[in-house]
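S.K.: Just so it is clear, I am handing over final.csv, which has CSV, C-alpha atoms.
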```
chain,number,residue,atom,x,y,z
A,1,MET,CA,13.5,-22.2,1.6
A,2,LYS,CA,10.8,-24.7,2.4
A,3,ARG,CA,8.2,-21.9,2.6
A,4,LEU,CA,9.2,-20.7,-0.9
A,5,GLN,CA,9.0,-24.2,-2.3
A,6,SER,CA,5.5,-24.7,-0.8
A,7,ILE,CA,4.3,-21.5,-2.5
A,8,LEU,CA,5.6,-22.7,-5.9
A,9,VAL,CA,3.9,-26.1,-5.5
A,10,LEU,CA,0.6,-24.4,-4.5
A,11,PHE,CA,0.9,-22.2,-7.6
A,12,LEU,CA,1.3,-25.2,-9.9
A,13,LEU,CA,-1.5,-27.1,-8.3
A,14,LEU,CA,-4.0,-24.3,-8.5
A,15,PHE,CA,-3.0,-23.1,-11.9
A,16,GLY,CA,-3.4,-26.6,-13.3
A,17,SER,CA,-6.8,-27.1,-11.8
A,18,GLY,CA,-8.5,-24.4,-13.9
A,19,SER,CA,-10.0,-26.9,-16.4
A,20,VAL,CA,-11.7,-28.8,-13.6
A,21,PHE,CA,-14.1,-25.9,-12.9
A,22,GLY,CA,-14.1,-24.6,-16.5
A,23,ALA,CA,-12.3,-21.5,-15.2
A,24,ASP,CA,-11.6,-18.3,-17.0
A,25,PHE,CA,-7.9,-17.7,-17.2
A,26,GLY,CA,-5.4,-15.3,-18.7
A,27,ALA,CA,-2.2,-13.5,-18.1
A,28,SER,CA,-0.5,-10.1,-18.3
A,29,PHE,CA,3.0,-9.2,-19.4
A,30,ARG,CA,4.5,-6.1,-17.8
A,31,ILE,CA,7.7,-4.1,-18.3
A,32,ASN,CA,8.6,-1.5,-15.6
A,33,PRO,CA,11.9,0.3,-15.9
A,34,GLU,CA,12.8,3.0,-13.4
A,35,TRP,CA,15.6,5.5,-13.1
A,36,LYS,CA,16.4,7.7,-10.0
A,37,GLY,CA,19.2,9.7,-8.6
A,38,ALA,CA,20.4,12.4,-6.2
A,39,GLY,CA,23.3,14.6,-7.3
A,40,GLU,CA,25.9,12.4,-9.0
A,41,GLU,CA,24.4,9.2,-7.6
A,42,THR,CA,22.1,7.4,-10.0
A,43,GLY,CA,20.4,4.0,-10.1
A,44,THR,CA,18.4,1.9,-12.5
A,45,ALA,CA,15.8,-0.9,-11.8
A,46,CYS,CA,13.8,-2.9,-14.2
A,47,ALA,CA,11.3,-5.8,-14.1
A,48,PHE,CA,9.9,-8.1,-16.8
A,49,THR,CA,6.9,-9.8,-15.3
A,50,LEU,CA,4.5,-12.5,-16.5
A,51,GLY,CA,1.4,-12.6,-14.4
A,52,PRO,CA,-1.0,-15.6,-14.9
A,53,TRP,CA,-4.4,-15.6,-13.3
A,54,ILE,CA,-7.4,-18.0,-12.9
A,55,SER,CA,-11.0,-17.2,-12.0
A,56,ALA,CA,-13.6,-19.9,-11.3
A,57,SER,CA,-17.1,-20.3,-9.9
A,58,PRO,CA,-17.6,-24.0,-9.0
A,59,HIS,CA,-20.9,-23.1,-7.2
A,60,GLU,CA,-23.3,-20.1,-7.4
A,61,ASN,CA,-22.2,-19.1,-3.9
A,62,ILE,CA,-18.5,-19.8,-4.3
A,63,ASP,CA,-15.8,-17.9,-6.3
A,64,LEU,CA,-12.2,-18.8,-6.6
A,65,TYR,CA,-9.4,-16.5,-7.8
A,66,PHE,CA,-5.6,-17.0,-8.2
A,67,SER,CA,-2.8,-14.9,-9.6
A,68,ALA,CA,1.0,-14.9,-9.4
A,69,ASP,CA,3.9,-13.1,-10.8
A,70,LEU,CA,7.0,-14.6,-12.4
A,71,SER,CA,9.6,-11.8,-12.8
A,72,LEU,CA,13.1,-11.2,-14.1
A,73,ARG,CA,14.4,-8.2,-12.2
A,74,TYR,CA,17.4,-5.9,-12.3
A,75,GLU,CA,18.2,-4.4,-9.0
A,76,HIS,CA,21.5,-3.6,-7.2
A,77,GLU,CA,23.3,-4.0,-10.6
A,78,GLU,CA,22.2,-7.7,-10.8
A,79,TRP,CA,19.6,-9.7,-12.7
A,80,PHE,CA,17.7,-12.4,-10.9
A,81,PRO,CA,14.4,-14.3,-11.3
A,82,LEU,CA,11.7,-13.8,-8.7
A,83,PRO,CA,8.4,-15.7,-8.2
A,84,GLU,CA,5.6,-14.1,-6.2
A,85,LEU,CA,2.2,-15.4,-5.2
A,86,CYS,CA,0.0,-12.4,-5.6
A,87,ARG,CA,-3.6,-13.1,-4.8
A,88,PHE,CA,-5.5,-16.4,-4.1
A,89,MET,CA,-8.9,-16.3,-2.7
A,90,LEU,CA,-11.9,-18.4,-1.9
A,91,ALA,CA,-15.1,-16.3,-1.5
A,92,TRP,CA,-18.2,-18.0,0.0
A,93,ARG,CA,-21.6,-16.6,0.5
A,94,PRO,CA,-23.5,-19.1,2.7
A,95,LEU,CA,-26.2,-16.5,3.3
A,96,PRO,CA,-27.3,-13.4,1.3
A,97,ARG,CA,-26.0,-11.1,4.1
A,98,LEU,CA,-23.0,-13.2,5.1
A,99,GLY,CA,-19.7,-13.5,3.2
A,100,LEU,CA,-16.4,-15.2,3.9
A,101,GLU,CA,-13.0,-14.7,2.2
A,102,ILE,CA,-10.0,-16.9,2.9
A,103,GLY,CA,-6.5,-17.0,1.3
A,104,ARG,CA,-4.3,-14.1,0.3
A,105,VAL,CA,-6.9,-11.3,0.4
A,106,ARG,CA,-6.9,-7.5,0.3
A,107,PHE,CA,-7.2,-5.5,3.4
A,108,SER,CA,-6.9,-1.9,4.3
A,109,ASP,CA,-7.7,0.4,7.2
A,110,PRO,CA,-10.3,3.1,6.5
A,111,ASN,CA,-7.6,5.8,6.0
A,112,ASN,CA,-5.1,3.6,4.0
A,113,ILE,CA,-2.2,4.6,6.3
A,114,VAL,CA,-2.0,1.8,9.0
A,115,ALA,CA,-2.0,-1.5,7.0
A,116,THR,CA,-2.9,-1.9,3.3
A,117,GLY,CA,-2.2,-4.5,0.7
A,118,LEU,CA,-2.5,-8.3,0.4
A,119,PHE,CA,-2.4,-10.4,3.6
A,120,ASP,CA,-2.7,-14.2,4.2
A,121,GLY,CA,-5.8,-15.0,6.3
A,122,PHE,CA,-9.5,-14.6,6.4
A,123,SER,CA,-12.3,-12.1,6.7
A,124,VAL,CA,-16.0,-12.5,7.4
A,125,SER,CA,-18.6,-9.8,6.8
A,126,TYR,CA,-22.2,-9.3,7.6
A,127,ALA,CA,-24.6,-6.8,6.1
A,128,LEU,CA,-26.6,-4.8,8.6
A,129,GLY,CA,-29.1,-2.8,6.6
A,130,GLY,CA,-27.0,-0.3,4.6
A,131,SER,CA,-23.9,-0.8,6.8
A,132,ARG,CA,-21.5,-3.7,7.0
A,133,LEU,CA,-19.7,-5.3,10.0
A,134,SER,CA,-16.5,-7.3,9.2
A,135,ALA,CA,-13.7,-9.1,11.1
A,136,GLY,CA,-10.5,-10.8,10.0
A,137,GLY,CA,-7.2,-12.3,11.0
A,138,TYR,CA,-4.1,-12.1,8.9
A,139,TYR,CA,-0.4,-13.2,8.8
A,140,THR,CA,2.4,-11.4,7.0
A,141,GLY,CA,5.4,-13.8,7.2
A,142,LEU,CA,4.7,-15.5,3.8
A,143,LEU,CA,4.6,-12.2,1.8
A,144,TYR,CA,7.5,-11.0,-0.3
A,145,LYS,CA,9.1,-8.3,1.7
A,146,ASP,CA,9.5,-5.7,-1.1
A,147,THR,CA,5.7,-5.9,-1.8
A,148,ALA,CA,4.6,-6.0,1.9
A,149,ASP,CA,6.9,-3.0,2.9
A,150,ILE,CA,6.6,-4.0,6.6
A,151,TYR,CA,9.5,-2.7,8.7
A,152,MET,CA,8.4,-1.5,12.1
A,153,THR,CA,11.6,-2.0,14.1
A,154,ALA,CA,15.3,-1.8,13.6
A,155,SER,CA,15.5,-5.6,13.2
A,156,ASP,CA,12.8,-5.4,10.5
A,157,SER,CA,14.7,-2.7,8.6
A,158,ALA,CA,18.0,-4.6,8.7
A,159,ALA,CA,16.3,-7.7,7.3
A,160,TYR,CA,14.4,-5.7,4.7
A,161,GLN,CA,17.5,-4.0,3.3
A,162,LYS,CA,19.2,-7.4,2.6
A,163,PRO,CA,19.1,-8.1,-1.1
A,164,PHE,CA,17.2,-11.2,-2.1
A,165,GLU,CA,19.5,-14.2,-2.6
A,166,TRP,CA,18.3,-17.6,-3.9
A,167,GLU,CA,21.0,-19.3,-1.8
A,168,ASN,CA,19.5,-17.8,1.3
A,169,ALA,CA,15.9,-17.4,0.3
A,170,ALA,CA,14.3,-18.1,3.7
A,171,ALA,CA,16.2,-15.2,5.3
A,172,THR,CA,16.0,-12.7,2.4
A,173,TYR,CA,12.6,-13.2,0.7
A,174,PHE,CA,9.9,-13.1,3.4
A,175,ALA,CA,8.4,-10.1,5.2
A,176,SER,CA,8.5,-9.5,8.9
A,177,ARG,CA,6.4,-12.1,10.8
A,178,ARG,CA,3.3,-10.4,12.3
A,179,VAL,CA,-0.3,-11.3,13.0
A,180,LEU,CA,-3.1,-8.8,12.6
A,181,ALA,CA,-6.6,-9.0,14.0
A,182,SER,CA,-9.2,-6.5,12.7
A,183,ILE,CA,-12.8,-5.6,13.3
A,184,SER,CA,-14.6,-2.9,11.2
A,185,TRP,CA,-17.9,-1.2,10.7
A,186,GLU,CA,-18.7,1.0,7.7
A,187,ASP,CA,-21.8,2.8,6.4
A,188,PRO,CA,-21.0,4.3,3.0
A,189,ALA,CA,-24.4,5.9,2.8
A,190,LEU,CA,-24.9,7.1,6.4
A,191,ALA,CA,-28.7,7.1,7.2
A,192,GLY,CA,-29.4,7.2,3.5
A,193,SER,CA,-27.3,10.3,2.9
A,194,PRO,CA,-24.4,10.8,0.5
A,195,HIS,CA,-22.0,10.9,3.5
A,196,GLY,CA,-20.1,7.9,4.9
A,197,LEU,CA,-18.7,6.8,8.2
A,198,TYR,CA,-15.9,4.1,8.7
A,199,LEU,CA,-14.5,2.7,11.9
A,200,ASN,CA,-11.8,0.1,12.4
A,201,GLY,CA,-10.0,-1.5,15.3
A,202,LEU,CA,-6.7,-3.3,14.6
A,203,ALA,CA,-4.2,-5.2,16.8
A,204,GLN,CA,-0.8,-6.3,15.6
A,205,PHE,CA,1.4,-8.9,17.3
A,206,ASP,CA,5.1,-9.3,16.7
A,207,LEU,CA,6.2,-13.0,16.2
A,208,ASN,CA,9.8,-12.3,15.1
A,209,GLY,CA,11.3,-13.1,18.5
A,210,GLU,CA,13.7,-10.2,18.4
A,211,ASP,CA,14.8,-8.1,21.4
A,212,ASP,CA,13.1,-5.0,19.9
A,213,ARG,CA,9.7,-6.8,19.4
A,214,LEU,CA,6.8,-4.4,18.9
A,215,HIS,CA,3.1,-4.9,19.5
A,216,THR,CA,0.6,-2.2,18.4
A,217,GLN,CA,-3.1,-1.4,18.5
A,218,TYR,CA,-5.0,1.1,16.4
A,219,LEU,CA,-8.4,2.8,16.4
A,220,SER,CA,-9.2,4.4,13.0
A,221,LEU,CA,-12.0,6.7,12.0
A,222,ARG,CA,-12.9,8.2,8.6
A,223,PHE,CA,-15.8,10.5,7.8
A,224,LEU,CA,-16.8,11.3,4.2
A,225,PHE,CA,-18.7,14.5,3.8
A,226,SER,CA,-20.2,15.0,0.3
A,227,PRO,CA,-22.6,17.9,0.2
A,228,LEU,CA,-22.5,18.0,-3.6
A,229,PRO,CA,-22.0,15.2,-6.2
A,230,VAL,CA,-19.0,17.0,-7.5
A,231,PHE,CA,-17.4,17.9,-4.1
A,232,SER,CA,-16.3,15.7,-1.2
A,233,ILE,CA,-14.2,16.0,1.9
A,234,ASN,CA,-12.5,13.0,3.6
A,235,SER,CA,-11.4,13.5,7.2
A,236,GLY,CA,-9.8,10.9,9.3
A,237,GLY,CA,-7.7,10.1,12.4
A,238,VAL,CA,-5.8,7.2,14.0
A,239,LEU,CA,-5.0,6.6,17.6
A,240,GLY,CA,-2.2,4.0,18.1
A,241,LEU,CA,-0.8,2.3,21.2
A,242,GLU,CA,2.8,0.9,20.9
A,243,GLU,CA,4.5,-1.5,23.3
A,244,GLN,CA,8.1,-2.3,22.5
A,245,ALA,CA,10.1,-4.7,24.6
A,246,GLU,CA,10.5,-3.4,28.2
A,247,ALA,CA,9.8,0.3,27.2
A,248,ASP,CA,6.7,2.2,28.4
A,249,THR,CA,3.6,2.2,26.3
A,250,GLU,CA,3.5,5.1,23.9
A,251,THR,CA,0.7,6.7,22.0
A,252,GLY,CA,1.0,7.5,18.3
A,253,LEU,CA,-1.4,9.9,16.4
A,254,ALA,CA,-2.2,10.6,12.8
A,255,LEU,CA,-4.6,13.1,11.2
A,256,LEU,CA,-5.8,13.4,7.6
A,257,LEU,CA,-7.9,15.7,5.5
A,258,ASN,CA,-8.5,15.6,1.8
A,259,ALA,CA,-10.9,17.5,-0.5
A,260,ASP,CA,-11.8,16.7,-4.1
A,261,TRP,CA,-13.7,19.0,-6.5
A,262,TYR,CA,-14.7,18.0,-10.0
A,263,LEU,CA,-14.6,21.2,-12.0
A,264,PRO,CA,-17.6,22.2,-14.2
A,265,THR,CA,-15.6,21.8,-17.5
A,266,ALA,CA,-15.7,19.6,-20.5
A,267,LEU,CA,-12.2,18.1,-19.6
A,268,ARG,CA,-13.5,16.0,-16.7
A,269,ASP,CA,-10.9,17.5,-14.4
A,270,MET,CA,-10.5,17.5,-10.7
A,271,VAL,CA,-8.6,19.6,-8.1
A,272,SER,CA,-7.5,17.9,-4.8
A,273,LEU,CA,-6.2,19.5,-1.6
A,274,GLY,CA,-4.8,17.4,1.2
A,275,PHE,CA,-3.1,17.4,4.6
A,276,ARG,CA,-1.5,14.6,6.6
A,277,TRP,CA,0.2,14.7,10.0
A,278,GLY,CA,1.9,11.9,12.0
A,279,SER,CA,3.3,12.3,15.5
A,280,GLY,CA,7.1,11.9,15.8
A,281,VAL,CA,9.7,11.4,18.6
A,282,MET,CA,8.7,13.8,21.3
A,283,ASP,CA,10.5,15.3,24.3
A,284,GLY,CA,10.3,14.1,27.8
A,285,GLU,CA,7.3,16.2,28.6
A,286,SER,CA,5.1,14.7,25.9
A,287,GLY,CA,3.1,12.6,28.3
A,288,GLY,CA,3.7,9.3,26.6
A,289,VAL,CA,3.1,10.5,23.0
A,290,GLY,CA,5.6,8.9,20.6
A,291,PRO,CA,6.0,8.3,16.9
A,292,PHE,CA,3.1,7.1,14.8
A,293,LEU,CA,4.2,3.6,13.7
A,294,PRO,CA,2.0,2.0,11.0
A,295,VAL,CA,2.2,-1.7,10.0
A,296,SER,CA,2.7,-0.9,6.3
A,297,SER,CA,5.4,1.6,5.5
A,298,ILE,CA,3.6,3.8,3.0
A,299,SER,CA,5.7,6.5,1.4
A,300,GLN,CA,4.2,10.0,1.7
A,301,GLY,CA,6.0,11.2,-1.4
A,302,ASN,CA,6.2,10.1,-5.0
A,303,VAL,CA,10.0,10.9,-5.0
A,304,LEU,CA,10.8,11.5,-1.4
A,305,ASN,CA,10.6,8.1,0.3
A,306,SER,CA,9.5,9.0,3.9
A,307,SER,CA,6.9,7.5,6.2
A,308,LEU,CA,4.3,9.6,8.0
A,309,SER,CA,6.0,9.3,11.4
A,310,GLY,CA,7.1,12.7,12.5
A,311,LEU,CA,6.0,14.3,9.2
A,312,MET,CA,3.4,16.8,8.0
A,313,VAL,CA,2.5,16.9,4.3
A,314,LEU,CA,0.6,19.5,2.3
A,315,ARG,CA,-0.6,18.3,-1.1
A,316,THR,CA,-2.3,19.8,-4.1
A,317,ALA,CA,-3.1,17.9,-7.3
A,318,TYR,CA,-4.8,18.4,-10.6
A,319,THR,CA,-6.3,15.5,-12.6
A,320,VAL,CA,-7.6,15.8,-16.1
A,321,ARG,CA,-9.0,13.2,-18.5
A,322,PRO,CA,-9.0,14.9,-22.0
A,323,TYR,CA,-10.0,11.5,-23.5
A,324,GLU,CA,-11.8,8.4,-22.1
A,325,ASN,CA,-8.6,6.4,-22.3
A,326,LEU,CA,-6.1,9.0,-21.1
A,327,SER,CA,-5.6,10.6,-17.7
A,328,LEU,CA,-3.0,13.1,-16.5
A,329,VAL,CA,-2.1,14.0,-13.0
A,330,LEU,CA,0.1,16.9,-11.7
A,331,ASP,CA,0.9,16.4,-8.0
A,332,GLY,CA,2.7,19.0,-5.8
A,333,ARG,CA,3.6,18.3,-2.1
A,334,TYR,CA,5.5,20.2,0.7
A,335,PHE,CA,7.0,18.4,3.7
A,336,PHE,CA,7.6,19.6,7.2
A,337,LEU,CA,9.1,17.8,10.2
A,338,ALA,CA,6.4,17.6,12.8
A,339,ASN,CA,7.0,17.3,16.6
A,340,ARG,CA,10.4,15.6,16.3
A,341,ALA,CA,12.6,16.1,19.3
A,342,ASP,CA,15.4,14.1,17.7
A,343,SER,CA,15.7,16.3,14.6
A,344,GLY,CA,18.5,18.4,16.2
A,345,THR,CA,17.2,21.6,14.7
A,346,ASP,CA,14.4,24.1,14.9
A,347,ASN,CA,14.2,24.2,11.1
A,348,LYS,CA,11.2,22.1,10.1
A,349,ALA,CA,10.7,22.7,6.4
A,350,LEU,CA,12.1,19.7,4.5
A,351,GLY,CA,11.3,20.9,0.9
A,352,GLY,CA,8.9,20.6,-1.9
A,353,GLU,CA,8.1,17.9,-4.5
A,354,LEU,CA,6.6,18.1,-8.0
A,355,TYR,CA,5.5,14.9,-9.9
A,356,GLY,CA,3.6,14.3,-13.1
A,357,SER,CA,2.1,11.1,-14.4
A,358,LEU,CA,0.0,9.7,-17.2
A,359,ASN,CA,-2.1,6.6,-17.8
A,360,TRP,CA,-3.1,5.7,-21.4
A,361,ALA,CA,-5.0,2.7,-22.6
A,362,PRO,CA,-5.0,3.0,-26.4
A,363,VAL,CA,-6.8,-0.4,-26.7
A,364,MET,CA,-8.5,-2.5,-24.0
A,365,ASP,CA,-5.6,-4.9,-23.5
A,366,ILE,CA,-2.7,-2.4,-23.5
A,367,THR,CA,-1.9,0.1,-20.9
A,368,LEU,CA,1.0,2.6,-20.9
A,369,THR,CA,2.1,4.5,-17.8
A,370,ALA,CA,4.8,7.1,-17.2
A,371,GLY,CA,5.7,9.3,-14.3
A,372,GLY,CA,8.5,11.7,-13.3
A,373,GLY,CA,9.4,14.3,-10.8
A,374,ALA,CA,11.8,15.7,-8.3
A,375,PHE,CA,12.1,16.6,-4.7
A,376,PHE,CA,13.8,20.0,-4.0
A,377,PRO,CA,15.5,20.3,-0.6
A,378,GLY,CA,16.5,23.8,-1.4
A,379,MET,CA,12.9,24.9,-0.9
A,380,GLY,CA,13.2,24.1,2.8
A,381,ASN,CA,15.7,24.7,5.6
A,382,ALA,CA,15.8,21.4,7.6
A,383,LEU,CA,18.3,19.6,5.3
A,384,PRO,CA,21.9,20.6,5.0
A,385,SER,CA,22.6,23.5,2.6
A,386,GLY,CA,23.5,22.2,-0.8
A,387,ALA,CA,21.6,18.9,-0.4
A,388,PRO,CA,21.1,17.5,-4.0
A,389,VAL,CA,17.8,17.4,-5.8
A,390,GLN,CA,16.3,13.9,-5.8
A,391,TRP,CA,14.6,12.8,-9.0
A,392,LEU,CA,12.7,9.8,-10.3
A,393,VAL,CA,11.5,8.7,-13.7
A,394,SER,CA,9.4,5.5,-14.3
A,395,THR,CA,7.5,4.0,-17.2
A,396,GLY,CA,5.4,0.9,-17.6
A,397,LEU,CA,3.8,-1.2,-20.3
A,398,THR,CA,1.1,-3.8,-19.6
A,399,VAL,CA,-0.3,-6.2,-22.2
A,400,SER,CA,-3.1,-8.5,-21.2
A,401,PHE,CA,-4.1,-11.6,-23.1
```
Take the structure in this file and express it as structure tokens.
M.R.:
Amino acid sequence: MKRLQSILVLFLLLFGSGSVFGADFGASFRINPEWKGAGEETGTACAFTLGPWISASPHENIDLYFSADLSLRYEHEEWFPLPELCRFMLAWRPLPRLGLEIGRVRFSDPNNIVATGLFDGFSVSYALGGSRLSAGGYYTGLLYKDTADIYMTASDSAAYQKPFEWENAAATYFASRRVLASISWEDPALAGSPHGLYLNGLAQFDLNGEDDRLHTQYLSLRFLFSPLPVFSINSGGVLGLEEQAEADTETGLALLLNADWYLPTALRDMVSLGFRWGSGVMDGESGGVGPFLPVSSISQGNVLNSSLSGLMVLRTAYTVRPYENLSLVLDGRYFFLANRADSGTDNKALGGELYGSLNWAPVMDITLTAGGGAFFPGMGNALPSGAPVQWLVSTGLTVSF
């Protein structure tokens, strides 16, 4: 509870200090209802959120930013208030080529599949010609668990699934306690070309003190090939090492490929094709290859909530912008079990998913979003016969002022 109180005190102090620096400030109000179900089981969730923010530049080389969310949420058939410190950052540029960020800052690996989101810590970067070298250290234990989505072990999952309770906030609010250390090199215009190369090394250390503690290390590579301004291919891979308690070290693997083509039409439309694969639980002859275990549990479907571990995903999408303030996306995916010795079946086809979404900003300060789709297990053979269709519908309204 003390950690949550400290976050609230910090929010009040920083928000109240905006006038000292003549800061710009504002807020957004968001409404996000969601409905989902599978067969006869249905569920509803909703959030009303007020998000104040402050931006200030007390010095020409220093920028400050702070934002928070104050929400009233409906989940698990109950209403409850929830504060969340979103982003606070001090950015300092002591030299033209050197930059430092400290606070709750954004971080992502090159492929956006190992660790992505907001993390507490620091990052330092240095420009080397057209490339950039950066390093950082981050802590996850002060994040809100439903935003961080970090559950790497069975102990993590058990703590994550506990509903938030004000009476027991210290045990039900915060994410799994882990430390990340990262070093990256990127060259978005490789040797002056339209192609790009991105490298990252990341180490994760478990501070939870549980018997199933898990330490991991990752080496990530992404290459952007863009032979034409309207066509690009992103290919990437991740090699992970996983040490859990007294078990032998295992190797996790992930591969990605995505192509985007902007069609020569007046609709400003784009076709995307993608492939993702993550190693799963292997048999005894796998030579130490095990499941790919990322830090952030990123769902590979819009409706089907499944991680990349032991999964192969084929994706095709069509994006169109008929107007400057309106975009529409139709997204189709098909899922296979990949290299899972624990699946108990030779049938690997999980099924297909179809999802559509729109984003409309009729005026500058108002944004409307909507999405809906379904996952069809009957299109595969891995799930039991007669498994119900899973569906999801969500909407959102954001008003900025």
S.K.: (-21.1, -4.7, 8.3) in this file's frame - what residues fall within 12 Å of it? Use only C-alpha atoms and give the answer as a JSON list (two decimals) with C-alpha atoms, in the frame of the given file.
M.R.:
```
[["chain", "number", "residue", "atom", "x", "y", "z"],
["A", 97, "ARG", "CA", -26.00, -11.10, 4.10],
["A", 98, "LEU", "CA", -23.00, -13.20, 5.10],
["A", 99, "GLY", "CA", -19.70, -13.50, 3.20],
["A", 123, "SER", "CA", -12.30, -12.10, 6.70],
["A", 124, "VAL", "CA", -16.00, -12.50, 7.40],
["A", 125, "SER", "CA", -18.60, -9.80, 6.80],
["A", 126, "TYR", "CA", -22.20, -9.30, 7.60],
["A", 127, "ALA", "CA", -24.60, -6.80, 6.10],
["A", 128, "LEU", "CA", -26.60, -4.80, 8.60],
["A", 129, "GLY", "CA", -29.10, -2.80, 6.60],
["A", 130, "GLY", "CA", -27.00, -0.30, 4.60],
["A", 131, "SER", "CA", -23.90, -0.80, 6.80],
["A", 132, "ARG", "CA", -21.50, -3.70, 7.00],
["A", 133, "LEU", "CA", -19.70, -5.30, 10.00],
["A", 134, "SER", "CA", -16.50, -7.30, 9.20],
["A", 135, "ALA", "CA", -13.70, -9.10, 11.10],
["A", 183, "ILE", "CA", -12.80, -5.60, 13.30],
["A", 184, "SER", "CA", -14.60, -2.90, 11.20],
["A", 185, "TRP", "CA", -17.90, -1.20, 10.70],
["A", 186, "GLU", "CA", -18.70, 1.00, 7.70],
["A", 187, "ASP", "CA", -21.80, 2.80, 6.40],
["A", 188, "PRO", "CA", -21.00, 4.30, 3.00],
["A", 197, "LEU", "CA", -18.70, 6.80, 8.20],
["A", 198, "TYR", "CA", -15.90, 4.10, 8.70],
["A", 199, "LEU", "CA", -14.50, 2.70, 11.90],
["A", 200, "ASN", "CA", -11.80, 0.10, 12.40]]
```
S.K.: With all atoms listed in the file as the counted atoms, please give the residues lying no more than 8 Å from stretch 329-337 of chain A, apart from itself and same-chain residues fewer than 2 positions off, as a VMD selection string.
M.R.: chain A and resid 301 310 to 320 327 339 to 340 348 to 358
S.K.: Could you name the residues that touch A:Phe88 at 9 Å or less, counting only C-alpha atoms, but leaving out those on the same chain fewer than 4 positions away, as a list of chain:residue names?
M.R.: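 Selected residues are A:Leu64, A:Tyr65, A:Phe66, A:Ser67, A:Ala68, A:Ile102, A:Gly103, A:Arg104, A:Val105.
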S.K.: Let me make sure I understand: among A:Asn32, A:Ala159, A:Gly240, A:Tyr74, which one has the smallest atom-to-atom distance to A:Leu368 if we use all atoms listed in the file?
M.R.: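 Among the listed residues, A:Asn32 lies closest to A:Leu368.
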S.K.: Quick one: residues within 8 Å of A:Pro52, all atoms listed in the file, excluding same-chain residues fewer than 6 positions away - as a tab-separated table (two decimals) with C-alpha atoms, in the coordinates of the input?
M.R.:
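Below is the file part-v2.tsv, written as the result:
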```
chain	number	residue	atom	x	y	z
A	25	PHE	CA	-7.90	-17.70	-17.20
A	26	GLY	CA	-5.40	-15.30	-18.70
A	27	ALA	CA	-2.20	-13.50	-18.10
A	28	SER	CA	-0.50	-10.10	-18.30
A	67	SER	CA	-2.80	-14.90	-9.60
A	68	ALA	CA	1.00	-14.90	-9.40
A	69	ASP	CA	3.90	-13.10	-10.80
```
S.K.: One decimal, in Å: what's the spacing between atom CA of A:Phe205 and atom CA of A:Lys162?
M.R.: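 Distance between the two atoms: 23.1 Å.
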S.K.: Which is closer to A:Trp35 than all the others in A:Gly373, A:Pro264, A:Gly201, A:Gly196, using only C-alpha atoms?
M.R.: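 Going through A:Gly373, A:Pro264, A:Gly201, A:Gly196 one by one, the smallest distance to A:Trp35 is for A:Gly373.
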S.K.: Taking 6 positions as the minimum chain separation for residues in the same chain, which residues sit within 12 Å of A:Pro388 when counting all atoms listed in the file? Answer as a PyMOL selection string.
M.R.: chain A and resi 37-42+351+374-379
S.K.: Please, could you write that set of residues out with C-alpha atoms as a compact mmCIF listing (two decimals), in the coordinates of the input?
M.R.:
```
# COMPACT_ATOMS: atom_id res chain seq x y z
CA GLY A 37 19.20 9.70 -8.60
CA ALA A 38 20.40 12.40 -6.20
CA GLY A 39 23.30 14.60 -7.30
CA GLU A 40 25.90 12.40 -9.00
CA GLU A 41 24.40 9.20 -7.60
CA THR A 42 22.10 7.40 -10.00
CA GLY A 351 11.30 20.90 0.90
CA ALA A 374 11.80 15.70 -8.30
CA PHE A 375 12.10 16.60 -4.70
CA PHE A 376 13.80 20.00 -4.00
CA PRO A 377 15.50 20.30 -0.60
CA GLY A 378 16.50 23.80 -1.40
CA MET A 379 12.90 24.90 -0.90
```
S.K.: Out of A:Glu34, A:Glu84, A:Glu246, A:His76, which residue has the shortest atom-to-atom distance to A:Thr49 when counting all atoms listed in the file?
M.R.: A:Glu84
S.K.: Would you compute the distance between atom CA of A:Ala23 and atom CA of A:Asp365? Give it in Å to one decimal.
M.R.: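 Separation between atom CA of A:Ala23 and atom CA of A:Asp365: 19.7 Å.
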S.K.: From the options A:Ser226, A:Ser232, A:Ala154, A:Val289, which residue's atoms come nearest to A:Asp248, counting only C-alpha atoms?
M.R.: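 Distance minimum relative to A:Asp248 lands on A:Val289.
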S.K.: Quick one: residues within 6 Å of A:Phe292, only C-alpha atoms counted, chain neighbours fewer than 5 positions away excluded, as a PDB file with C-alpha atoms, in the coordinates of the input?
M.R.:
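Saved to part_17.pdb:
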```pdb
ATOM      1  CA  GLY A 252       1.000   7.500  18.300  1.00  0.00           C
ATOM      2  CA  LEU A 253      -1.400   9.900  16.400  1.00  0.00           C
ATOM      3  CA  GLY A 278       1.900  11.900  12.000  1.00  0.00           C
ATOM      4  CA  SER A 279       3.300  12.300  15.500  1.00  0.00           C
ATOM      5  CA  SER A 309       6.000   9.300  11.400  1.00  0.00           C
TER       6      SER A 309
END
```
S.K.: State, in Å with one decimal place, the distance from atom CA of A:Trp360 to atom CA of A:Leu82.
M.R.: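 Taking atom CA of A:Trp360 and atom CA of A:Leu82, their separation equals 27.6 Å.
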